>>> print(open('work_5.pdb').read())   # PDB, C-alpha atoms, pLDDT in the B column
ATOM      1  CA  ASP A   6     -17.345  -6.604   4.912  1.00 51.00           C
ATOM      2  CA  ASP A   7     -19.338  -4.846   2.171  1.00 57.00           C
ATOM      3  CA  ASN A   8     -22.670  -6.270   3.362  1.00 60.00           C
ATOM      4  CA  LYS A   9     -22.911  -4.240   6.572  1.00 68.00           C
ATOM      5  CA  THR A  10     -26.424  -3.484   7.734  1.00 80.00           C
ATOM      6  CA  TYR A  11     -25.202  -1.407  10.659  1.00 81.00           C
ATOM      7  CA  SER A  12     -23.917   2.112  10.107  1.00 87.00           C
ATOM      8  CA  CYS A  13     -23.316   5.271  12.073  1.00 91.00           C
ATOM      9  CA  LYS A  14     -26.969   6.123  11.361  1.00 88.00           C
ATOM     10  CA  ALA A  15     -27.949   3.662  14.093  1.00 87.00           C
ATOM     11  CA  ASP A  16     -25.713   5.502  16.563  1.00 93.00           C
ATOM     12  CA  ILE A  17     -27.182   8.867  15.588  1.00 92.00           C
ATOM     13  CA  TRP A  18     -30.723   7.500  15.984  1.00 87.00           C
ATOM     14  CA  SER A  19     -29.777   6.099  19.401  1.00 89.00           C
ATOM     15  CA  ALA A  20     -28.364   9.479  20.434  1.00 93.00           C
ATOM     16  CA  GLY A  21     -31.698  11.021  19.419  1.00 90.00           C
ATOM     17  CA  LEU A  22     -33.556   8.563  21.604  1.00 88.00           C
ATOM     18  CA  VAL A  23     -31.274   9.332  24.558  1.00 92.00           C
ATOM     19  CA  LEU A  24     -31.840  13.047  23.958  1.00 92.00           C
ATOM     20  CA  VAL A  25     -35.622  12.538  24.031  1.00 90.00           C
ATOM     21  CA  LEU A  26     -35.231  10.646  27.312  1.00 90.00           C
ATOM     22  CA  LEU A  27     -33.090  13.434  28.779  1.00 92.00           C
ATOM     23  CA  LEU A  28     -35.424  16.205  27.622  1.00 91.00           C
ATOM     24  CA  THR A  29     -38.666  14.598  28.752  1.00 90.00           C
ATOM     25  CA  GLY A  30     -37.659  12.180  31.507  1.00 90.00           C
ATOM     26  CA  GLU A  31     -39.753   9.539  29.775  1.00 87.00           C
ATOM     27  CA  HIS A  32     -39.219   6.852  27.166  1.00 83.00           C
ATOM     28  CA  PRO A  33     -41.212   7.624  24.000  1.00 81.00           C
ATOM     29  CA  PHE A  34     -41.872   3.926  23.346  1.00 78.00           C
ATOM     30  CA  SER A  35     -43.894   1.674  25.595  1.00 75.00           C
ATOM     31  CA  VAL A  36     -41.298  -0.705  26.977  1.00 73.00           C
ATOM     32  CA  THR A  37     -43.968  -3.008  28.407  1.00 77.00           C
ATOM     33  CA  GLU A  38     -45.361  -3.916  24.990  1.00 73.00           C
ATOM     34  CA  THR A  39     -44.744  -7.157  23.150  1.00 82.00           C
ATOM     35  CA  ILE A  40     -41.635  -7.406  20.983  1.00 83.00           C
ATOM     36  CA  PRO A  41     -43.607  -7.193  17.676  1.00 85.00           C
ATOM     37  CA  LYS A  42     -45.400  -4.045  18.913  1.00 81.00           C
ATOM     38  CA  LEU A  43     -42.118  -2.512  20.073  1.00 79.00           C
ATOM     39  CA  VAL A  44     -40.533  -3.251  16.671  1.00 82.00           C
ATOM     40  CA  ARG A  45     -43.475  -1.549  14.911  1.00 82.00           C
ATOM     41  CA  ASP A  46     -43.180   1.440  17.259  1.00 77.00           C
ATOM     42  CA  ILE A  47     -39.455   1.741  16.549  1.00 78.00           C
ATOM     43  CA  GLN A  48     -40.120   1.542  12.800  1.00 81.00           C
ATOM     44  CA  ASN A  49     -42.598   4.416  13.248  1.00 77.00           C
ATOM     45  CA  GLY A  50     -40.303   6.056  15.792  1.00 75.00           C
ATOM     46  CA  GLU A  51     -40.076   9.431  14.173  1.00 77.00           C
ATOM     47  CA  GLU A  52     -43.832  10.037  14.406  1.00 81.00           C
ATOM     48  CA  ILE A  53     -44.104   8.581  17.917  1.00 81.00           C
ATOM     49  CA  ALA A  54     -41.188  10.711  19.131  1.00 82.00           C
ATOM     50  CA  ARG A  55     -42.685  13.823  17.508  1.00 84.00           C
ATOM     51  CA  GLN A  56     -45.972  13.274  19.341  1.00 85.00           C
ATOM     52  CA  HIS A  57     -44.093  12.581  22.578  1.00 83.00           C
ATOM     53  CA  LEU A  58     -41.995  15.743  22.283  1.00 86.00           C
ATOM     54  CA  ASN A  59     -45.014  17.851  21.341  1.00 85.00           C
ATOM     55  CA  SER A  60     -46.786  16.712  24.496  1.00 87.00           C
ATOM     56  CA  HIS A  61     -44.060  18.377  26.581  1.00 85.00           C
ATOM     57  CA  LYS A  62     -44.869  22.040  26.028  1.00 83.00           C
ATOM     58  CA  ARG A  63     -41.911  23.302  28.084  1.00 88.00           C
ATOM     59  CA  LEU A  64     -39.419  22.150  25.437  1.00 89.00           C
ATOM     60  CA  SER A  65     -38.076  24.726  23.037  1.00 91.00           C
ATOM     61  CA  THR A  66     -38.698  24.347  19.342  1.00 91.00           C
ATOM     62  CA  THR A  67     -34.941  24.157  18.815  1.00 93.00           C
ATOM     63  CA  ALA A  68     -34.584  21.200  21.192  1.00 92.00           C
ATOM     64  CA  GLN A  69     -37.489  19.397  19.560  1.00 90.00           C
ATOM     65  CA  GLU A  70     -36.137  19.987  16.054  1.00 91.00           C
ATOM     66  CA  PHE A  71     -32.654  18.788  17.033  1.00 93.00           C
ATOM     67  CA  ALA A  72     -34.040  15.586  18.537  1.00 90.00           C
ATOM     68  CA  MET A  73     -36.172  14.965  15.468  1.00 88.00           C
ATOM     69  CA  ARG A  74     -33.187  15.462  13.143  1.00 89.00           C
ATOM     70  CA  LEU A  75     -31.287  12.810  15.060  1.00 89.00           C
ATOM     71  CA  LEU A  76     -34.252  10.435  14.826  1.00 85.00           C
ATOM     72  CA  ALA A  77     -34.864  11.000  11.106  1.00 82.00           C
TER      73      ALA A  77
END
>>> encode(input="work_5.pdb", output="structure tokens")
Amino acid sequence: DDNKTYSCKADIWSAGLVLVLLLTGEHPFSVTETIPKLVRDIQNGEEIARQHLNSHKRLSTTAQEFAMRLLA
């Protein structure tokens, strides 16, 4: 079907989210929020993840940059 809205980009983004979880031990998005708030957070995910990663000072710059590239 030529009208696909799903691509491998979604898988790469998901891998980035899993990497953030593995690196920090925490989910960058508040999973207790309402669905509309969670959707907005996911749409702004790159900035939220950047702030989340930056708050974990023990992470190397390389690890943070790799995660952010996956989430871009």
>>> closest_residue(input="work_5.pdb", among="A:Ala15, A:Pro33, A:Gln69, A:Val25", to="Gly50 of chain A", atoms="only C-alpha atoms")
A:Pro33
>>> residues_around(input="work_5.pdb", residues="Leu76 of chain A", least_positions_apart="5", cutoff="6 Å", atoms="all atoms listed in the file", output="ChimeraX atom specification")
/A:18,21,51
>>> closest_residue(input="work_5.pdb", among="A:Ile17, A:Ala72, A:Val36, A:Ala77", to="Gln48 of chain A", atoms="all atoms listed in the file")
A:Ala77
>>> atom_distance(input="work_5.pdb", atom1="atom CA of Met73 of chain A", atom2="atom CA of Ala54 of chain A")
7.5 Å
>>> resolve_selection(input="work_5.pdb", expression="the PyMOL selection byres ((chain A and resi 32) around 12)", output="list in words")
Gly21, Leu22, Val23, Leu24, Val25, Leu26, Leu27, Leu28, Thr29, Gly30, Glu31, Pro33, Phe34, Ser35, Val36, Thr37, Asp46, Ile47, Gly50, Ile53, Ala54, His57 and Leu58 of chain A
>>> atom_distance(input="work_5.pdb", atom1="atom CA of Asp16 of chain A", atom2="atom CA of Leu75 of chain A")
9.3 Å
>>> atom_distance(input="work_5.pdb", atom1="atom CA of Ser19 of chain A", atom2="atom CA of Leu43 of chain A")
15.1 Å
>>> axis_aligned_box(input="work_5.pdb", around="segment 59-65 of chain A", padding_each_side="3 Å", output="JSON")
{"center_x": -42.4, "center_y": 20.7, "center_z": 24.7, "size_x": 14.7, "size_y": 14.0, "size_z": 12.7}
>>> closest_residue(input="work_5.pdb", among="A:Ala20, A:Lys42, A:Arg55, A:Ser12", to="Glu70 of chain A", atoms="only C-alpha atoms")
A:Arg55
>>> build_atoms(input="work_5.pdb", residues="segment 50-65 of chain A", atoms="N, CA, C and O atoms", output="tab-separated table (two decimals), in the coordinates of the input")
chain	number	residue	atom	x	y	z
A	50	GLY	N	-40.87	5.28	14.69
A	50	GLY	CA	-40.30	6.06	15.79
A	50	GLY	C	-40.32	7.54	15.61
A	50	GLY	O	-40.54	8.28	16.56
A	51	GLU	N	-40.12	7.99	14.40
A	51	GLU	CA	-40.08	9.43	14.17
A	51	GLU	C	-41.41	10.07	14.53
A	51	GLU	O	-41.46	11.08	15.22
A	52	GLU	N	-42.51	9.48	14.10
A	52	GLU	CA	-43.83	10.04	14.41
A	52	GLU	C	-44.16	9.91	15.89
A	52	GLU	O	-44.69	10.84	16.50
A	53	ILE	N	-43.84	8.78	16.49
A	53	ILE	CA	-44.10	8.58	17.92
A	53	ILE	C	-43.30	9.58	18.74
A	53	ILE	O	-43.82	10.20	19.67
A	54	ALA	N	-42.03	9.76	18.40
A	54	ALA	CA	-41.19	10.71	19.13
A	54	ALA	C	-41.70	12.13	18.96
A	54	ALA	O	-41.70	12.92	19.91
A	55	ARG	N	-42.14	12.47	17.75
A	55	ARG	CA	-42.68	13.82	17.51
A	55	ARG	C	-43.90	14.08	18.42
A	55	ARG	O	-44.00	15.12	19.06
A	56	GLN	N	-44.79	13.13	18.48
A	56	GLN	CA	-45.97	13.27	19.34
A	56	GLN	C	-45.55	13.38	20.81
A	56	GLN	O	-46.10	14.18	21.56
A	57	HIS	N	-44.58	12.57	21.19
A	57	HIS	CA	-44.09	12.58	22.58
A	57	HIS	C	-43.47	13.94	22.92
A	57	HIS	O	-43.76	14.51	23.97
A	58	LEU	N	-42.63	14.45	22.04
A	58	LEU	CA	-42.00	15.74	22.28
A	58	LEU	C	-43.02	16.86	22.30
A	58	LEU	O	-42.94	17.77	23.13
A	59	ASN	N	-43.98	16.81	21.39
A	59	ASN	CA	-45.01	17.85	21.34
A	59	ASN	C	-45.87	17.88	22.59
A	59	ASN	O	-46.44	18.91	22.93
A	60	SER	N	-45.97	16.75	23.28
A	60	SER	CA	-46.79	16.71	24.50
A	60	SER	C	-46.08	17.38	25.68
A	60	SER	O	-46.70	17.61	26.70
A	61	HIS	N	-44.82	17.69	25.53
A	61	HIS	CA	-44.06	18.38	26.58
A	61	HIS	C	-43.86	19.83	26.15
A	61	HIS	O	-42.89	20.19	25.50
A	62	LYS	N	-44.81	20.66	26.51
A	62	LYS	CA	-44.87	22.04	26.03
A	62	LYS	C	-43.70	22.90	26.51
A	62	LYS	O	-43.41	23.92	25.92
A	63	ARG	N	-43.00	22.48	27.56
A	63	ARG	CA	-41.91	23.30	28.08
A	63	ARG	C	-40.65	23.24	27.22
A	63	ARG	O	-39.73	24.02	27.40
A	64	LEU	N	-40.60	22.31	26.28
A	64	LEU	CA	-39.42	22.15	25.44
A	64	LEU	C	-39.39	23.21	24.34
A	64	LEU	O	-40.40	23.51	23.73
A	65	SER	N	-38.21	23.73	24.10
A	65	SER	CA	-38.08	24.73	23.04
A	65	SER	C	-38.22	24.05	21.68
A	65	SER	O	-37.97	22.85	21.52
